[in-house]
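Trainee: The following block contains the structure, expressed as structure tokens.
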2 protein chains.
Amino acid sequence: MNKRLEQQILFILEIDKLKNIVRRTFLLDESRLENTAEHSWHAAVAVLLLSEYAPHTLDILRIVKMMLIHDIVEIDAGDTFLYDDSGNQDKADRERAAADRLFTLLPEDQAAELCLLWDEFEERSTPEAKFARGLDRLLPLMHNYYTKGSTWRKHNVTSDMVRKQNAIIADASPELWEFARTLIQDSVDKKYLLE
Amino acid sequence: MNKRLEQQILFILEIDKLKNIVRRTFLLDESRLENTAEHSWHAAVAVLLLSEYAPHTLDILRIVKMMLIHDIVEIDAGDTFLYDDSGNQDKADRERAAADRLFTLLPEDQAAELCLLWDEFEERSTPEAKFARGLDRLLPLMHNYYTKGSTWRKHNVTSDMVRKQNAIIADASPELWEFARTLIQDSVDKKYLLE
């Protein structure tokens with residue numbers, strides 16, 4: 001096998017570990033917590049279906065690529081809960097080290113491409129990244145709403161925290177943020193979420 | 001919420017069920033069987049990394065879309081094991097009925113697009129579909145090889161069966177088929193696979 005293909009295969013084998021990274025979000029049937037690999041799939045499909053709500057015409061392949069690789073760093077850095085203030089203090093450093101190790105398993109050109117895509121996503125530096133980041137927030141919000149606040153109730157999350165952390169959905173799409181706001185308000189009304 | 005967005009959200013919620021569809025393939029650490037949602041993610045990332053081995057320049061977004069949606073029908077039809085001859089007899093009918101129910105949850109234009117993509121994948125009617133189908137075979141082959149034939153041994157699969165079912169990888173990429181053939185031969189030599 002040539003060296004290049006060997007590196008690519010090694011990376012593909014390595015990222016199998018993402019299937020064992022457990023998030024705080026419950027599946028909609030509440031049978032178990034979601035893992036990061038299946039979340040990445042779900043979010044990528046959502047991009048395909050909801051991109052029409054972006055305020056501009058976007059490069060869909062670029063968004064899908066970001067969505068597919070954005071959480072691979074969790075193989076080393078673990079999943080950091082959105083509402084965990086102390087975990088989020090060193091999240092950037094932990095994930096940067098993970099990106100350095102994981103993406104450089106690949107041939108140099110592909111490592112560089114994935115690193116750049118991951119930076120773009122993290123920094124929300126383009127309309128594509130803003131859309132990806134918004135959908136990455138919208139999905140767990142939906143899971144919480146449709147499981148009557150399962151994760152929020154477990155971790156004493158309040159509506160202020162949810163509004164603050166999800167406000168970036170507005171940069172993805174005003175229409176999707178309007179939808180998200182309706183879910184948040186209805187969650188308060190129905191006592192899924194503390195006011 | 002407008003009707004169109006409502007249909008899209010309903011579909012996104014419905015496909016959460018794919019995370020509970022269990023395949024015959026083991027994770028590389030053999031801790032459990034893989035589910036179809038995380039397999040779809042893994043295969044989509046593999047497309048991004050290996051498309052350079054396709055014999056022609058392909059529409060990558062089209063392949064990734066196919067990969068992300070190709071197994072959604074398993075929500076209704078279940079996962080049919082590649083080497084289960086009786087299960088494969090009515091697979092097409094079961095999956096067609098599933099596609100009719102699931103994709104038509106979406107607005108008409110998106111339902112039509114996903115149905116066409118799914119047909120294209122099933123029929124291997126384009127170079128994009130041939131590439132997607134090839135990688136969809138290559139990944140479980142890799143999982144089997146790197147877990148010393150875990151699924152093959154459990155189900156008494158022979159090397160003839162593996163060679164026959166995986167030969168379509170050659171239509172995705174001669175180079176990747178060469179890699180796959182090496183894994184198969186080495187599996188026989190190492191007794192992971194019955195000759």
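Convention: chains lettered A, B, ... in structure tokens order; per-chain residue numbering from 1; ligands numbered from 1 as shown.
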For region 39-46 of chain B, find every residue with an atom within 8 Å (counting only C-alpha atoms), except residues of its own chain fewer than 3 positions away, and show them as a VMD selection string.

Mentor: (chain A and resid 12 15 to 16 37 to 38 40 to 41 65 68 to 69) or (chain B and resid 34 to 36 49 to 50 64 67 to 71 135 to 136 139)

Trainee: May I have the residues from that selection written out with N, CA, C and O atoms, as a CSV table (one decimal), in the first residue's frame?

Mentor:
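Okay, this is what ended up in result30.csv:
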```csv
chain,number,residue,atom,x,y,z
A,12,ILE,N,-9.0,7.0,9.0
A,12,ILE,CA,-10.4,6.5,9.0
A,12,ILE,C,-10.6,5.5,10.1
A,12,ILE,O,-11.7,5.5,10.7
A,15,ILE,N,-10.8,7.5,13.6
A,15,ILE,CA,-12.0,8.2,13.9
A,15,ILE,C,-13.2,7.3,14.3
A,15,ILE,O,-14.2,7.8,14.7
A,16,ASP,N,-13.0,6.0,14.2
A,16,ASP,CA,-14.1,5.1,14.7
A,16,ASP,C,-14.4,5.4,16.2
A,16,ASP,O,-15.5,5.1,16.6
A,37,ALA,N,-20.5,10.7,16.9
A,37,ALA,CA,-20.5,10.3,15.4
A,37,ALA,C,-21.9,10.4,14.9
A,37,ALA,O,-22.1,11.0,13.8
A,38,GLU,N,-22.9,9.9,15.6
A,38,GLU,CA,-24.3,9.9,15.1
A,38,GLU,C,-24.8,11.3,15.1
A,38,GLU,O,-25.7,11.7,14.2
A,40,SER,N,-23.0,13.9,14.4
A,40,SER,CA,-22.4,14.6,13.3
A,40,SER,C,-23.2,14.2,12.0
A,40,SER,O,-23.4,15.0,11.1
A,41,TRP,N,-23.6,13.0,11.9
A,41,TRP,CA,-24.5,12.5,10.8
A,41,TRP,C,-25.8,13.3,10.8
A,41,TRP,O,-26.2,13.9,9.7
A,65,LYS,N,-18.9,19.4,4.9
A,65,LYS,CA,-17.6,18.9,5.4
A,65,LYS,C,-17.3,19.4,6.8
A,65,LYS,O,-16.8,18.6,7.7
A,68,LEU,N,-19.2,17.3,9.3
A,68,LEU,CA,-18.8,15.9,9.4
A,68,LEU,C,-17.5,15.8,10.3
A,68,LEU,O,-17.3,14.8,10.9
A,69,ILE,N,-16.7,16.9,10.2
A,69,ILE,CA,-15.4,16.8,10.9
A,69,ILE,C,-15.3,17.6,12.2
A,69,ILE,O,-14.3,17.6,12.9
B,34,GLU,N,-22.1,-1.7,15.6
B,34,GLU,CA,-22.3,-0.3,15.0
B,34,GLU,C,-23.8,-0.1,14.7
B,34,GLU,O,-24.5,-1.0,14.3
B,35,ASN,N,-24.2,1.2,14.8
B,35,ASN,CA,-25.5,1.5,14.3
B,35,ASN,C,-25.4,2.2,13.0
B,35,ASN,O,-24.3,2.7,12.6
B,36,THR,N,-26.6,2.3,12.3
B,36,THR,CA,-26.5,2.8,10.9
B,36,THR,C,-26.3,4.3,10.8
B,36,THR,O,-25.7,4.7,9.8
B,49,LEU,N,-12.3,11.8,2.1
B,49,LEU,CA,-10.9,11.6,2.1
B,49,LEU,C,-10.3,10.7,0.9
B,49,LEU,O,-9.2,10.8,0.6
B,50,LEU,N,-11.2,9.9,0.3
B,50,LEU,CA,-10.7,8.9,-0.6
B,50,LEU,C,-11.2,9.2,-2.1
B,50,LEU,O,-10.9,8.4,-3.0
B,64,VAL,N,-21.7,12.5,-1.2
B,64,VAL,CA,-21.8,12.7,0.2
B,64,VAL,C,-23.3,12.7,0.6
B,64,VAL,O,-23.8,12.0,1.5
B,67,MET,N,-24.5,9.2,0.5
B,67,MET,CA,-24.0,8.4,1.6
B,67,MET,C,-24.8,8.7,2.9
B,67,MET,O,-25.0,7.9,3.7
B,68,LEU,N,-25.1,10.0,3.1
B,68,LEU,CA,-25.8,10.4,4.3
B,68,LEU,C,-27.2,9.9,4.3
B,68,LEU,O,-27.8,9.7,5.4
B,69,ILE,N,-27.9,9.7,3.2
B,69,ILE,CA,-29.3,9.3,3.2
B,69,ILE,C,-29.5,7.8,2.7
B,69,ILE,O,-30.6,7.3,2.8
B,70,HIS,N,-28.4,7.1,2.3
B,70,HIS,CA,-28.7,5.8,1.7
B,70,HIS,C,-29.3,4.8,2.5
B,70,HIS,O,-30.0,3.9,2.1
B,71,ASP,N,-29.1,4.9,3.8
B,71,ASP,CA,-29.6,3.8,4.7
B,71,ASP,C,-30.8,4.3,5.6
B,71,ASP,O,-31.2,3.5,6.5
B,135,LEU,N,-17.5,2.4,-1.5
B,135,LEU,CA,-17.1,2.8,-0.1
B,135,LEU,C,-18.0,2.2,1.0
B,135,LEU,O,-17.5,1.8,2.1
B,136,ASP,N,-19.2,2.1,0.6
B,136,ASP,CA,-20.2,1.4,1.6
B,136,ASP,C,-19.8,0.0,1.8
B,136,ASP,O,-20.2,-0.6,2.9
B,139,LEU,N,-15.9,-0.1,3.9
B,139,LEU,CA,-15.8,0.2,5.4
B,139,LEU,C,-16.0,-1.1,6.2
B,139,LEU,O,-15.2,-1.4,7.1
```

Trainee: Counting only C-alpha atoms, what is within 12 Å of Glu178 (chain B), bar same-chain residues fewer than 4 positions away, as a list in words?

Mentor: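 So the residues in contact are Met1, Asn2 and Leu5 of chain A; Tyr53, Leu138, Arg163, Asn166, Ala167, Ile168, Ile169, Ala170, Asp171, Ala172, Ser173, Pro174, Thr182, Leu183, Ile184 and Gln185 of chain B.
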
Trainee: Hey, can you check how far CA of Lys3 (chain B) sits from CA of Val47 (chain A)?

Mentor: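 Pair CA of Lys3 (chain B) / CA of Val47 (chain A) returns 18.5 Å.
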
Trainee: From the options B:Asp29, B:Asp84, B:Asp119, B:Glu95, which residue's atoms come nearest to chain A, counting only C-alpha atoms?

Mentor: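 Closest candidate: B:Asp29.
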
Trainee: Identify all residues of chain A in strand (DSSP E) (DSSP on the backbone) and supply them as a VMD selection string.

Mentor: chain A and resid 22 to 26 33 to 35

Trainee: Please identify all polymer residues within 10 Å of region 88-94 of chain A, counting only C-alpha atoms, omitting same-chain residues fewer than 4 positions from it, and present them as a ChimeraX atom specification.

Mentor: /A:73-74,76-84,98-99,122

Trainee: Using only C-alpha atoms for the distances, tell me which of B:Val157, B:Ile21, B:Leu48, B:Val188 is nearest to chain A.

Mentor: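 Closest to chain A, using only C-alpha atoms: B:Leu48.
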
Trainee: Mind listing the helix (DSSP H, G or I) residues of chain B, per DSSP on the backbone, as a ChimeraX atom specification?

Mentor: /B:3-20,36-53,60-69,74-77,85-89,91-103,108-123,127-146,150-154,159-166,169-172,174-189

Trainee: If we count only C-alpha atoms and set the cut-off at 9 Å, which residues sit around Asn156 (chain A), ignoring sequence neighbours fewer than 3 positions away in its own chain? Please answer as a ChimeraX atom specification.

Mentor: /A:151-153,193-194

Trainee: Filtering to C-alpha atoms, could you give me those residues as a CSV table (one decimal), in the first residue's frame?

Mentor:
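Output saved as out.csv:
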```csv
chain,number,residue,atom,x,y,z
A,151,THR,CA,-31.0,17.3,29.6
A,152,TRP,CA,-31.9,20.8,30.8
A,153,ARG,CA,-33.8,19.4,33.8
A,193,LEU,CA,-37.0,24.7,31.4
A,194,LEU,CA,-36.5,26.9,34.5
```
